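Student: Supplied in structure tokens, the structure appears directly below.
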Amino acid sequence: MKGTTKNYDTKSYGSLDDTVILIEADESTPLLVDRRLSLGSFIGRYNNDNEYGKEKSLFFFDYSVWSLASKSSVSSTKSFKSHFWELKVLAIVLLFAAAIGIAMYLLIVETRLPSITFSLDLVHHDVWSIKKLPMGPRMDPLNVDSVMITQTGSNNCDNPIQCQNILQQMQSDYSNRLKQELPYNFLIGCDGVAYEVRGWTYESGMEGVDQKRTLVIGLIGNFDYTSPPHVLIKTLKFLMKESVKRRKLKRFHQVHNLNKFCTDCVENTLIQ
């Protein structure tokens, strides 16, 4: 190496490309000393004697800073990734807990309600009726705790067209006399279809019953000497379950005159 150097109480352990690496003579464990510190110490001394050393010192300083910044960046990246995965796991756990909570709630609600695994074929009033007639006072569904089962005494019907013709004829006769709708909440034909008359909204208009507390369901036909077909009885059960499901009828209710038409329709009822 060109140039003059000062004498230091040091030992030379080797060189590479004319670069001399000096170690303090009084170091007891030279191999354990951080090389970056030794190199910085050497550069600090070498800067006083050589312009080349100043340029090299800037290079080594920049490299040291870059090295420390890189390590800090890698450490920050690892920390970010670690926190990201922790948040992701926490979000999955919260979603799983929410799903379990919703499932338990739905299970509890389902156990408190009657079975609703049925299909009710219901024809609304505006579909079959050809007249707009007064419906009477409105009914409070919170007070409805009984059902009256009766029959129309008319001809039987076993298909929708026939049943609707009978309903229209009955409606015309009744309205000509009393100017009101038929005195039923619902009517059921032997076709297995329920027909809305006054529905769940209005009182039935049937005399001899507590209209504020009673749904009146009529069976289309005369069943004094014959039993109603199975499909009619099935629809009758479904209609009462639907009434409970929609909270138009209390779950535990009384059913009147049911034994005459159906001896096994006793679910959630008190027969009189």
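Labeling convention for the structure tokens: chains A, B, ... as they appear, residues from 1 per chain, ligands from 1 in order of appearance.
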Using only C-alpha atoms, which protein or nucleic acid residues come within 10 Å of Asp210 (chain A)? Drop anything in the same chain fewer than 5 positions from it, and give the result as a PDB file with N, CA and C atoms, in the first residue's frame.
Tutor:
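Final output, saved to selection-v1.pdb:
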```
ATOM      1  N   VAL A 144    -107.534 -15.170  19.969  1.00  0.00           N
ATOM      2  CA  VAL A 144    -108.124 -16.353  19.336  1.00  0.00           C
ATOM      3  C   VAL A 144    -107.553 -17.615  19.978  1.00  0.00           C
ATOM      4  N   SER A 146    -109.728 -20.686  20.108  1.00  0.00           N
ATOM      5  CA  SER A 146    -110.615 -21.813  19.821  1.00  0.00           C
ATOM      6  C   SER A 146    -110.918 -21.878  18.331  1.00  0.00           C
ATOM      7  N   MET A 148    -113.861 -23.652  15.597  1.00  0.00           N
ATOM      8  CA  MET A 148    -115.140 -24.319  15.385  1.00  0.00           C
ATOM      9  C   MET A 148    -115.106 -25.006  14.025  1.00  0.00           C
ATOM     10  N   GLU A 203    -113.711 -11.308  11.798  1.00  0.00           N
ATOM     11  CA  GLU A 203    -114.556 -12.251  12.531  1.00  0.00           C
ATOM     12  C   GLU A 203    -115.410 -13.047  11.557  1.00  0.00           C
ATOM     13  N   SER A 204    -115.750 -14.262  11.943  1.00  0.00           N
ATOM     14  CA  SER A 204    -116.432 -15.186  11.026  1.00  0.00           C
ATOM     15  C   SER A 204    -117.848 -14.764  10.674  1.00  0.00           C
ATOM     16  N   GLY A 205    -118.547 -14.118  11.603  1.00  0.00           N
ATOM     17  CA  GLY A 205    -119.957 -13.783  11.382  1.00  0.00           C
ATOM     18  C   GLY A 205    -120.898 -14.938  11.692  1.00  0.00           C
ATOM     19  N   LEU A 215    -111.961 -19.145  15.387  1.00  0.00           N
ATOM     20  CA  LEU A 215    -111.876 -19.337  13.943  1.00  0.00           C
ATOM     21  C   LEU A 215    -112.925 -20.374  13.545  1.00  0.00           C
TER      22      LEU A 215
END
```
Student: Could you name the residues that touch Asn222 (chain A) at 10 Å or less, counting only C-alpha atoms, but leaving out those on the same chain fewer than 3 positions away, as a list in words?
Tutor: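 Non-adjacent residues within range: Thr150, Gln151, Thr152, Gly153, Ser154, Asn155, Asn156, Leu219, Tyr225, Thr226, Ser227 and Pro228 of chain A.
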Student: Would you mind listing what lies within 9 Å of Leu236 (chain A) as a ChimeraX atom specification, with only C-alpha atoms counted and same-chain residues fewer than 6 positions away left out?
Tutor: /A:188,192,194,217,219,265
Student: Can I get the selection written as a PDB file, in the first residue's frame, with N, CA and C atoms?
Tutor:
```pdb
ATOM      1  N   ILE A 188    -113.069 -25.763   3.319  1.00  0.00           N
ATOM      2  CA  ILE A 188    -112.199 -26.801   2.766  1.00  0.00           C
ATOM      3  C   ILE A 188    -113.050 -27.771   1.960  1.00  0.00           C
ATOM      4  N   GLY A 192    -109.048 -31.170  -1.241  1.00  0.00           N
ATOM      5  CA  GLY A 192    -107.867 -30.936  -0.414  1.00  0.00           C
ATOM      6  C   GLY A 192    -107.367 -29.508  -0.456  1.00  0.00           C
ATOM      7  N   ALA A 194    -107.871 -25.428   0.697  1.00  0.00           N
ATOM      8  CA  ALA A 194    -108.509 -24.518   1.640  1.00  0.00           C
ATOM      9  C   ALA A 194    -108.814 -23.204   0.920  1.00  0.00           C
ATOM     10  N   ILE A 217    -114.088 -22.910  10.664  1.00  0.00           N
ATOM     11  CA  ILE A 217    -113.646 -23.611   9.455  1.00  0.00           C
ATOM     12  C   ILE A 217    -114.778 -24.518   9.000  1.00  0.00           C
ATOM     13  N   LEU A 219    -116.455 -27.338   6.294  1.00  0.00           N
ATOM     14  CA  LEU A 219    -116.159 -28.404   5.335  1.00  0.00           C
ATOM     15  C   LEU A 219    -117.253 -28.394   4.276  1.00  0.00           C
ATOM     16  N   CYS A 265    -107.640 -35.725  15.359  1.00  0.00           N
ATOM     17  CA  CYS A 265    -107.077 -34.370  15.198  1.00  0.00           C
ATOM     18  C   CYS A 265    -106.944 -33.734  16.580  1.00  0.00           C
TER      19      CYS A 265
END
```
Student: Just to confirm, what's the straight-line distance from CA of Gln162 (chain A) to CA of Phe223 (chain A) in Å (one decimal)?
Tutor: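 The value is 17.6 Å.
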Student: Could you state the separation of CA of Asp121 (chain A) and CA of Gly208 (chain A) in Å, given to one decimal place?
Tutor: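 Taking CA of Asp121 (chain A) as the start and CA of Gly208 (chain A) as the end point, the length is 28.9 Å.
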Student: Please provide as a ChimeraX atom specification all residues within 12 Å of Leu239 (chain A), with the sequence filter that same-chain residues fewer than 4 positions apart are discarded (counting only C-alpha atoms).
Tutor: /A:116,118-123,147,149,185-188,192-196,199-200,215-218,232-235,243-246,248-249,265
Student: Expressed in Å to a single decimal, how great is the separation between CA of Ile100 (chain A) and CA of Glu86 (chain A)?
Tutor: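 For CA of Ile100 (chain A) relative to CA of Glu86 (chain A), the distance reads 21.3 Å.
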Student: Go through region 182-256 of chain A and collect every residue that DSSP, computed from the backbone, puts in strand (DSSP E); the answer should be as a PyMOL selection string.
Tutor: chain A and resi 186-188+194-196+214-219+253-256
Student: Keeping only C-alpha atoms, write the selected residues to a file as an mmCIF file, in the first residue's frame.
Tutor:
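What follows is the written file out_22.cif:
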```
data_model
loop_
_atom_site.group_PDB
_atom_site.id
_atom_site.type_symbol
_atom_site.label_atom_id
_atom_site.label_comp_id
_atom_site.auth_asym_id
_atom_site.auth_seq_id
_atom_site.Cartn_x
_atom_site.Cartn_y
_atom_site.Cartn_z
ATOM 1 C CA PHE A 186 -112.097 -20.731 5.789
ATOM 2 C CA LEU A 187 -113.774 -23.472 3.769
ATOM 3 C CA ILE A 188 -112.199 -26.801 2.766
ATOM 4 C CA ALA A 194 -108.509 -24.518 1.640
ATOM 5 C CA TYR A 195 -110.441 -21.457 0.467
ATOM 6 C CA GLU A 196 -110.108 -18.145 2.286
ATOM 7 C CA THR A 214 -112.968 -18.329 17.433
ATOM 8 C CA LEU A 215 -111.876 -19.337 13.943
ATOM 9 C CA VAL A 216 -114.717 -20.995 12.021
ATOM 10 C CA ILE A 217 -113.646 -23.611 9.455
ATOM 11 C CA GLY A 218 -116.343 -25.107 7.244
ATOM 12 C CA LEU A 219 -116.159 -28.404 5.335
ATOM 13 C CA HIS A 253 -106.513 -24.006 21.835
ATOM 14 C CA GLN A 254 -109.940 -25.603 22.038
ATOM 15 C CA VAL A 255 -111.525 -27.306 19.040
ATOM 16 C CA HIS A 256 -115.322 -27.696 18.988
#
```
Student: List the spatial neighbours of region 137-140 of chain A as a list in words - criterion: any atom at most 8 Å away, only C-alpha atoms, same-chain residues fewer than 2 positions off excluded.
Tutor: Met135, Leu142, Asn143, Val144, Trp200, Thr201, Tyr202, Glu203, Lys212 and Arg213 of chain A
